[in-house]
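Asker: Compact mmCIF, C-alpha atoms, file target24.txt:
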# COMPACT_ATOMS: atom_id res chain seq x y z
CA MET P 24 29.68 92.72 96.00
CA THR P 25 27.65 94.12 93.09
CA LEU P 26 25.26 97.05 93.35
CA SER P 27 22.36 94.62 93.01
CA ASP P 28 23.71 92.47 95.84
CA ARG P 29 24.18 95.49 98.10
CA LEU P 30 20.67 96.73 97.36
CA ARG P 31 19.25 93.28 98.01
CA ALA P 32 20.96 93.24 101.40
CA VAL P 33 19.50 96.67 102.20
CA PHE P 34 15.98 95.46 101.32
CA VAL P 35 16.35 92.31 103.42
CA ASP P 36 17.72 94.22 106.39
CA ALA P 37 15.42 97.29 106.27
CA LEU P 38 12.21 95.34 105.64
CA GLU P 39 13.25 92.40 107.82
CA LEU P 40 12.50 89.96 105.03
CA PRO P 41 12.65 86.19 105.43
CA GLY P 42 15.29 84.42 103.36
CA ASP P 43 12.87 82.96 100.82
CA VAL P 44 11.46 86.26 99.54
CA ASP P 45 12.08 86.99 95.86
CA VAL P 46 13.54 90.45 96.47
CA GLU P 47 14.39 91.17 92.85
CA ASN P 48 10.70 90.99 91.88
CA LEU P 49 9.36 92.73 94.97
CA THR P 50 7.06 95.74 94.56
CA TYR P 51 5.62 98.20 97.06
CA ARG P 52 2.84 96.74 99.23
CA ASP P 53 3.48 93.23 97.87
CA ILE P 54 4.21 92.15 101.38
CA GLU P 55 3.13 93.25 104.83
CA GLN P 56 6.59 94.59 105.72
CA TRP P 57 6.73 97.01 102.79
CA ASP P 58 3.93 99.34 103.90
CA SER P 59 4.23 103.14 104.12
CA LEU P 60 6.19 103.00 107.38
CA GLY P 61 8.45 100.28 106.03
CA HIS P 62 8.96 102.36 102.92
CA MET P 63 10.42 105.25 104.88
CA THR P 64 12.69 102.84 106.76
CA LEU P 65 13.78 101.41 103.43
CA VAL P 66 14.44 104.86 101.96
CA ALA P 67 16.56 105.85 104.97
CA ALA P 68 18.50 102.58 104.67
CA VAL P 69 19.10 103.09 100.95
CA GLU P 70 20.30 106.64 101.58
CA ASP P 71 22.62 105.42 104.33
CA GLU P 72 24.09 102.53 102.37
CA PHE P 73 24.70 104.39 99.13
CA ASP P 74 25.30 107.86 100.57
CA VAL P 75 22.63 109.49 98.43
CA GLN P 76 19.74 111.81 99.21
CA LEU P 77 16.54 111.09 97.33
CA GLU P 78 14.15 113.81 96.32
CA THR P 79 10.49 113.55 97.31
CA ASP P 80 9.42 112.43 93.83
CA GLN P 81 12.06 109.71 93.90
CA VAL P 82 10.85 108.50 97.29
CA ILE P 83 7.34 108.24 95.90
CA ASP P 84 8.54 106.57 92.69
CA LEU P 85 10.65 103.96 94.47
CA SER P 86 8.03 101.28 94.01
CA SER P 87 10.10 98.17 93.36
CA PHE P 88 13.54 96.67 93.70
CA LYS P 89 14.13 97.19 89.98
CA VAL P 90 13.12 100.85 90.14
CA ALA P 91 15.44 101.36 93.09
CA LEU P 92 18.29 99.75 91.20
CA ASP P 93 17.74 101.94 88.14
CA MET P 94 17.42 104.99 90.37
CA LEU P 95 20.78 104.33 92.03
CA ARG P 96 22.42 103.79 88.66
CA GLY P 97 20.91 107.07 87.50
CA LEU P 98 22.40 108.77 90.55
CA GLY P 99 25.83 107.49 89.53
CA VAL P 100 26.28 104.93 92.28
CA ASP P 101 29.16 102.63 91.33
CA GLU P 102 28.37 99.10 90.22
CA MET R 5 30.23 120.45 126.84
CA SER R 6 27.01 122.33 126.10
CA GLU R 7 23.71 120.53 125.65
CA LEU R 8 23.65 120.76 121.85
CA THR R 9 27.35 120.47 121.09
CA GLY R 10 27.86 118.43 117.94
CA ARG R 11 24.25 118.90 116.85
CA VAL R 12 23.17 120.57 113.61
CA ALA R 13 20.13 122.83 113.78
CA LEU R 14 18.13 124.45 110.99
CA VAL R 15 15.96 127.46 111.76
CA THR R 16 13.72 128.65 108.95
CA GLY R 17 12.86 132.32 109.02
CA GLY R 18 15.82 132.85 111.32
CA THR R 19 16.79 136.39 110.44
CA ARG R 20 14.56 138.28 112.86
CA GLY R 21 12.11 138.00 115.73
CA ILE R 22 11.52 134.60 117.31
CA GLY R 23 13.57 132.83 114.62
CA ALA R 24 16.66 134.96 115.19
CA ALA R 25 16.35 134.67 118.97
CA THR R 26 15.99 130.90 118.63
CA ALA R 27 19.04 130.64 116.37
CA ARG R 28 21.09 132.54 118.94
CA ALA R 29 19.78 130.36 121.78
CA LEU R 30 20.62 127.15 119.93
CA ALA R 31 24.09 128.45 119.07
CA ARG R 32 24.68 129.36 122.72
CA ALA R 33 23.72 125.78 123.58
CA GLY R 34 26.50 124.57 121.33
CA ALA R 35 24.68 123.69 118.09
CA THR R 36 25.91 124.41 114.60
CA VAL R 37 23.06 126.58 113.37
CA VAL R 38 21.86 127.21 109.83
CA VAL R 39 19.31 129.98 109.40
CA THR R 40 17.25 130.73 106.34
CA GLY R 41 15.69 133.93 105.14
CA ARG R 42 14.18 135.13 101.91
CA ASP R 43 17.26 137.28 101.30
CA ALA R 44 20.65 135.52 101.17
CA GLY R 45 22.60 138.55 102.37
CA ARG R 46 20.30 139.08 105.32
CA ALA R 47 20.49 135.40 106.25
CA ALA R 48 24.29 135.41 106.10
CA GLU R 49 24.48 138.62 108.12
CA SER R 50 22.12 137.29 110.77
CA ALA R 51 23.98 133.97 111.02
CA GLY R 52 27.32 135.76 111.16
CA GLU R 53 26.33 137.33 114.46
CA PHE R 54 26.70 133.97 116.22
CA GLY R 55 29.04 132.08 113.91
CA GLY R 56 26.32 130.22 112.04
CA TYR R 57 25.44 129.75 108.39
CA GLY R 58 22.83 131.64 106.38
CA LEU R 59 20.97 130.42 103.31
CA ALA R 60 18.27 131.92 101.12
CA LEU R 61 14.92 130.16 101.10
CA ASP R 62 11.36 130.97 100.13
CA VAL R 63 9.40 128.56 102.32
CA GLY R 64 6.45 128.97 99.98
CA ASP R 65 8.44 127.02 97.38
CA PHE R 66 7.72 123.42 98.41
CA ASP R 67 10.50 121.78 96.39
CA ALA R 68 13.07 124.37 97.44
CA VAL R 69 12.52 123.48 101.10
CA GLY R 70 13.42 119.84 100.50
CA ALA R 71 16.45 120.82 98.44
CA LEU R 72 17.67 123.10 101.21
CA VAL R 73 17.38 120.37 103.85
CA ARG R 74 19.41 118.07 101.59
CA GLN R 75 22.02 120.80 101.23
CA VAL R 76 22.27 121.20 105.01
CA VAL R 77 22.75 117.45 105.38
CA SER R 78 25.44 117.47 102.70
CA ASP R 79 27.24 120.47 104.14
CA HIS R 80 27.11 119.50 107.80
CA GLY R 81 26.78 115.72 107.81
CA GLY R 82 23.25 115.47 109.13
CA LEU R 83 20.39 117.30 110.77
CA ASP R 84 19.42 117.00 114.43
CA VAL R 85 17.11 119.93 115.10
CA LEU R 86 14.54 121.66 112.92
CA VAL R 87 12.79 124.81 114.02
CA ALA R 88 10.11 125.49 111.40
CA ASN R 89 9.59 129.12 112.20
CA ALA R 90 9.13 130.84 108.85
CA GLY R 91 5.66 132.23 108.46
CA ILE R 92 3.62 135.16 107.33
CA MET R 93 0.71 136.91 108.97
CA ASP R 94 -1.85 138.71 106.86
CA THR R 95 -4.73 140.37 108.62
CA GLY R 96 -8.11 140.84 107.00
CA LEU R 97 -11.71 140.83 108.08
CA LEU R 98 -14.03 138.22 106.63
CA GLY R 99 -15.56 139.56 103.44
CA MET R 100 -12.31 141.29 102.51
CA ILE R 101 -10.02 138.29 102.05
CA ARG R 102 -8.67 137.58 98.58
CA ALA R 103 -8.10 134.03 97.34
CA ASP R 104 -4.46 134.78 96.57
CA ASP R 105 -3.87 135.93 100.15
CA VAL R 106 -5.31 132.67 101.47
CA ARG R 107 -3.20 130.59 99.12
CA ARG R 108 0.00 132.46 99.96
CA THR R 109 -0.57 132.12 103.71
CA LEU R 110 -1.31 128.40 103.40
CA ASP R 111 1.63 127.87 101.03
CA VAL R 112 4.11 129.41 103.46
CA ASN R 113 2.66 128.54 106.86
CA VAL R 114 1.28 125.08 106.12
CA ALA R 115 2.75 123.62 102.91
CA GLY R 116 6.18 125.06 103.67
CA THR R 117 6.11 123.56 107.15
CA VAL R 118 4.97 120.20 105.79
CA ALA R 119 7.87 120.28 103.32
CA ALA R 120 10.34 121.05 106.07
CA VAL R 121 9.00 118.34 108.40
CA GLN R 122 8.97 115.77 105.61
CA ALA R 123 12.52 116.45 104.48
CA ALA R 124 13.90 116.83 107.99
CA GLY R 125 12.15 113.66 109.13
CA ARG R 126 13.96 111.65 106.50
CA ALA R 127 17.28 113.29 107.32
CA MET R 128 16.87 112.64 111.04
CA ALA R 129 15.97 108.99 110.43
CA ARG R 130 19.39 108.41 108.89
CA ARG R 131 22.37 107.03 110.77
CA ARG R 132 25.16 109.42 111.69
CA ARG R 133 28.07 109.45 114.10
CA ASP R 134 29.13 111.72 116.93
CA ALA R 135 32.71 112.95 117.09
CA ASP R 136 33.53 110.05 119.43
CA GLY R 137 32.19 107.56 116.89
CA THR R 138 28.92 106.85 118.69
CA GLU R 139 26.16 106.08 116.21
CA ARG R 140 22.86 107.88 116.54
CA ARG R 141 19.56 108.43 114.79
CA GLY R 142 16.58 110.68 115.43
CA GLY R 143 16.16 114.32 116.19
CA SER R 144 13.80 116.99 117.36
CA MET R 145 11.51 119.36 115.53
CA VAL R 146 9.76 122.39 116.93
CA LEU R 147 7.04 123.98 114.83
CA LEU R 148 5.68 127.47 115.33
CA ALA R 149 1.95 127.42 115.98
CA SER R 150 0.18 130.33 117.64
CA VAL R 151 -2.30 131.02 120.39
CA VAL R 152 -4.71 132.32 117.73
CA GLY R 153 -4.69 128.85 116.18
CA THR R 154 -6.39 127.63 119.36
CA PHE R 155 -8.56 130.57 120.41
CA GLY R 156 -9.01 132.48 117.13
CA ALA R 157 -8.74 136.22 116.64
CA ALA R 158 -10.92 138.69 114.79
CA GLY R 159 -9.23 139.79 111.61
CA GLN R 160 -6.86 136.82 111.61
CA SER R 161 -9.08 134.01 110.34
CA VAL R 162 -6.68 132.80 107.66
CA TYR R 163 -3.59 133.11 109.83
CA ALA R 164 -5.41 131.34 112.70
CA ALA R 165 -6.50 128.53 110.39
CA SER R 166 -2.95 128.08 109.15
CA LYS R 167 -1.57 127.92 112.68
CA ALA R 168 -4.23 125.43 113.78
CA ALA R 169 -3.03 123.32 110.86
CA VAL R 170 0.56 123.57 112.12
CA ALA R 171 -0.52 122.33 115.56
CA ALA R 172 -2.31 119.38 113.95
CA LEU R 173 0.74 118.70 111.83
CA ALA R 174 2.95 118.57 114.92
CA ARG R 175 0.68 116.03 116.60
CA SER R 176 0.40 113.85 113.50
CA ALA R 177 4.10 114.00 112.63
CA ALA R 178 4.95 113.09 116.22
CA ARG R 179 2.95 109.88 115.88
CA GLU R 180 4.43 109.05 112.50
CA LEU R 181 8.05 109.88 113.21
CA GLY R 182 8.24 108.76 116.84
CA PRO R 183 9.12 105.17 115.93
CA ARG R 184 12.18 106.51 114.15
CA GLY R 185 13.35 108.52 117.17
CA VAL R 186 12.17 111.88 115.91
CA ARG R 187 10.25 114.09 118.34
CA VAL R 188 7.89 116.75 117.01
CA ASN R 189 6.44 119.49 119.18
CA ALA R 190 5.04 122.94 118.61
CA VAL R 191 5.05 126.13 120.58
CA ALA R 192 2.06 128.43 120.47
CA PRO R 193 3.28 131.91 121.30
CA GLY R 194 0.89 134.54 122.56
CA VAL R 195 1.50 138.12 121.57
CA ILE R 196 5.25 138.54 121.33
CA ARG R 197 6.99 141.81 120.53
CA THR R 198 8.36 141.20 116.99
CA ASP R 199 8.21 142.84 113.56
CA LEU R 200 5.21 140.61 112.83
CA THR R 201 3.13 141.95 115.71
CA ALA R 202 4.36 145.52 115.25
CA ALA R 203 1.74 145.79 112.51
CA LEU R 204 -1.05 145.25 115.02
CA PRO R 205 -2.87 148.33 116.41
CA THR R 206 -1.59 149.58 119.78
CA GLU R 207 -4.96 149.05 121.44
CA VAL R 208 -4.91 145.39 120.40
CA LEU R 209 -1.45 144.91 121.91
CA ASP R 210 -2.49 146.68 125.11
CA ARG R 211 -5.59 144.50 125.36
CA GLN R 212 -3.49 141.36 124.90
CA ALA R 213 -1.02 142.45 127.57
CA VAL R 214 -3.86 142.90 130.07
CA ALA R 215 -5.41 139.56 129.06
CA ALA R 216 -2.25 137.63 129.90
CA ALA R 217 -2.05 136.37 133.47
CA LEU R 218 1.45 137.79 133.68
CA GLY R 219 0.10 141.19 132.59
CA ARG R 220 2.58 141.88 129.80
CA LEU R 221 3.57 140.93 126.27
CA GLY R 222 6.31 138.39 125.69
CA ASP R 223 9.77 138.75 124.22
CA ALA R 224 11.23 136.65 121.44
CA GLU R 225 13.92 135.34 123.79
CA GLU R 226 11.25 133.91 126.09
CA VAL R 227 9.88 131.82 123.24
CA ALA R 228 13.39 130.89 122.09
CA ASP R 229 14.22 129.49 125.53
CA VAL R 230 11.23 127.13 125.36
CA ILE R 231 12.15 126.04 121.83
CA ARG R 232 15.71 125.34 122.96
CA PHE R 233 14.36 123.19 125.78
CA LEU R 234 12.11 121.22 123.41
CA ALA R 235 15.00 120.79 120.96
CA GLY R 236 17.35 119.37 123.57
CA ASP R 237 17.62 116.14 125.50
CA GLY R 238 15.87 117.68 128.51
CA ALA R 239 12.67 117.12 126.54
CA ARG R 240 13.63 113.63 125.35
CA TYR R 241 10.29 112.11 126.47
CA VAL R 242 8.16 114.99 125.13
CA THR R 243 6.56 114.72 121.71
CA GLY R 244 3.26 115.63 120.07
CA GLN R 245 2.75 118.60 122.39
CA VAL R 246 1.64 122.12 121.57
CA LEU R 247 3.01 124.26 124.34
CA GLY R 248 1.60 127.71 124.95
CA VAL R 249 4.18 130.43 125.53
CA ASP R 250 1.70 133.18 126.14
CA GLY R 251 2.06 134.54 129.65
CA GLY R 252 -1.13 132.78 130.66
CA LEU R 253 -3.76 133.69 128.06
CA VAL R 254 -6.39 131.58 129.76
CA PRO R 255 -9.78 131.89 128.06
Please express the file's structure as structure tokens.
Answerer:
Amino acid sequence: MTLSDRLRAVFVDALELPGDVDVENLTYRDIEQWDSLGHMTLVAAVEDEFDVQLETDQVIDLSSFKVALDMLRGLGVDE
Amino acid sequence: MSELTGRVALVTGGTRGIGAATARALARAGATVVVTGRDAGRAAESAGEFGGYGLALDVGDFDAVGALVRQVVSDHGGLDVLVANAGIMDTGLLGMIRADDVRRTLDVNVAGTVAAVQAAGRAMARRRRDADGTERRGGSMVLLASVVGTFGAAGQSVYAASKAAVAALARSAARELGPRGVRVNAVAPGVIRTDLTAALPTEVLDRQAVAAALGRLGDAEEVADVIRFLAGDGARYVTGQVLGVDGGLVP
């Protein structure tokens, strides 16, 4: 499974997304599930799945699937 | 097995007074305890007394607080208990308070506590496993408010304001973090014999002792015992509370 696939699965699971959501183009507050509370659930899930700890600025900056993907690559998470 | 066996606890400002007594109480209850202090050597020495770990931290440095919590999680595999104890107490009558003194008190007592709660909340929301493989999430935080945050005290306006903010933070954080299994409470000590209160005039301490229903000042261990209770599973349905530990300072 690629990094992108794993991250997609984390988004779907953490935000309880229906199957037809275009996760790759999702941005913060696009949908009801990704509100501030959902964001913290998502951050915890990302940290769990990829065994990383995000800094506060990174938590705030994590505003889309694409940003999250780039962030994980920047943290050296294997593809 | 003790109540907190297998749990990781972080006590900021844990090198003396209520913080040190709390660190010892948590260690006695079985927790792995990390204490912080402004001086690394002092923190290590204090932690060494009960087999814990000591780290240097200036709680007034917002980013450093988050980094330290991440280090504790990396070193010990998670965080279960936060005791946000670090604080400073400047006294000064109105009309004689400098802006820098206000900022420093708010940086340490309020912003530093916010930073600790924020970072610890995220750490506690993460999955981790007990030694037997059982998965768990959540945790418990105890913040240090003060009786003066509720009732006020002449000459302590800034300190009182900062401690009122801590109480409000505990209540708000409890609401926000409760859904993720994290409890947040505060204790509001009365006048406790510590280095912090040693700076107060004797007549003030005597007056406070008489004002308490129990007729005496408190000891750090008496506050630590309440914090240990709030940190443990005995208080598993208690959150958002500010509990006075003041010998009965009823107005």
Asker: For chain R, which of P:Val33, P:Leu49, P:Ala68, P:Leu40 is the closest residue, counting all atoms listed in the file?
Answerer: P:Ala68
Asker: For chain P against chain R, which residues fall within 12 Å using only C-alpha atoms, given as a ChimeraX atom specification?
Answerer: /P:59-80,82
Asker: P:Trp57, P:Ile83, P:Met24, P:Arg52: which is nearest Asp36 in chain P, counting only C-alpha atoms?
Answerer: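 Closest candidate: P:Trp57.
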Asker: Near Thr25 in chain P, within 9 Å and counting all atoms listed in the file, which residues show up once chain neighbours fewer than 4 positions away are dropped, as a VMD selection string?
Answerer: chain P and resid 29 to 30 101 to 102
Asker: What is the distance between CA of Ala115 in chain R and CA of Leu173 in chain R, in Å to one decimal?
Answerer: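 Computed distance, CA of Ala115 in chain R to CA of Leu173 in chain R, equals 10.4 Å.
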Asker: Please determine, counting only C-alpha atoms, which residue among R:Val191, R:Val37, R:Leu83, R:Val170 has the shortest atom-to-atom distance to Gln245 in chain R.
Answerer: R:Val191
Asker: Rank nothing, just name the residue among R:Gly219, R:Gly143, R:Gly185, R:Gly153 nearest to Gly82 in chain R, using all atoms listed in the file.
Answerer: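 Using all atoms listed in the file, the shortest distance to Gly82 in chain R belongs to R:Gly143.
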Asker: So what do you get for CA of Gln160 in chain R versus CA of Phe66 in chain R, distance-wise?
Answerer: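 That distance, rounded to one decimal, is 23.8 Å.
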Asker: Kindly give the distance, in Å, that separates CA of Arg211 in chain R and CA of Met93 in chain R, rounded to a single decimal.
Answerer: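 Distance between the two atoms: 19.1 Å.
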Asker: Just give me the residues with any atom within 10 Å of (2.5, 123.3, 118.4), file coordinates, counting all atoms listed in the file, written as a list in words.
Answerer: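 Here the neighbourhood of the point contains Val146, Leu147, Leu148, Ala149, Ser150, Val151, Gly153, Thr154, Lys167, Ala168, Ala169, Val170, Ala171, Ala172, Leu173, Ala174, Arg175, Val188, Asn189, Ala190, Val191, Ala192, Pro193, Gly244, Gln245, Val246, Leu247 and Gly248 of chain R.
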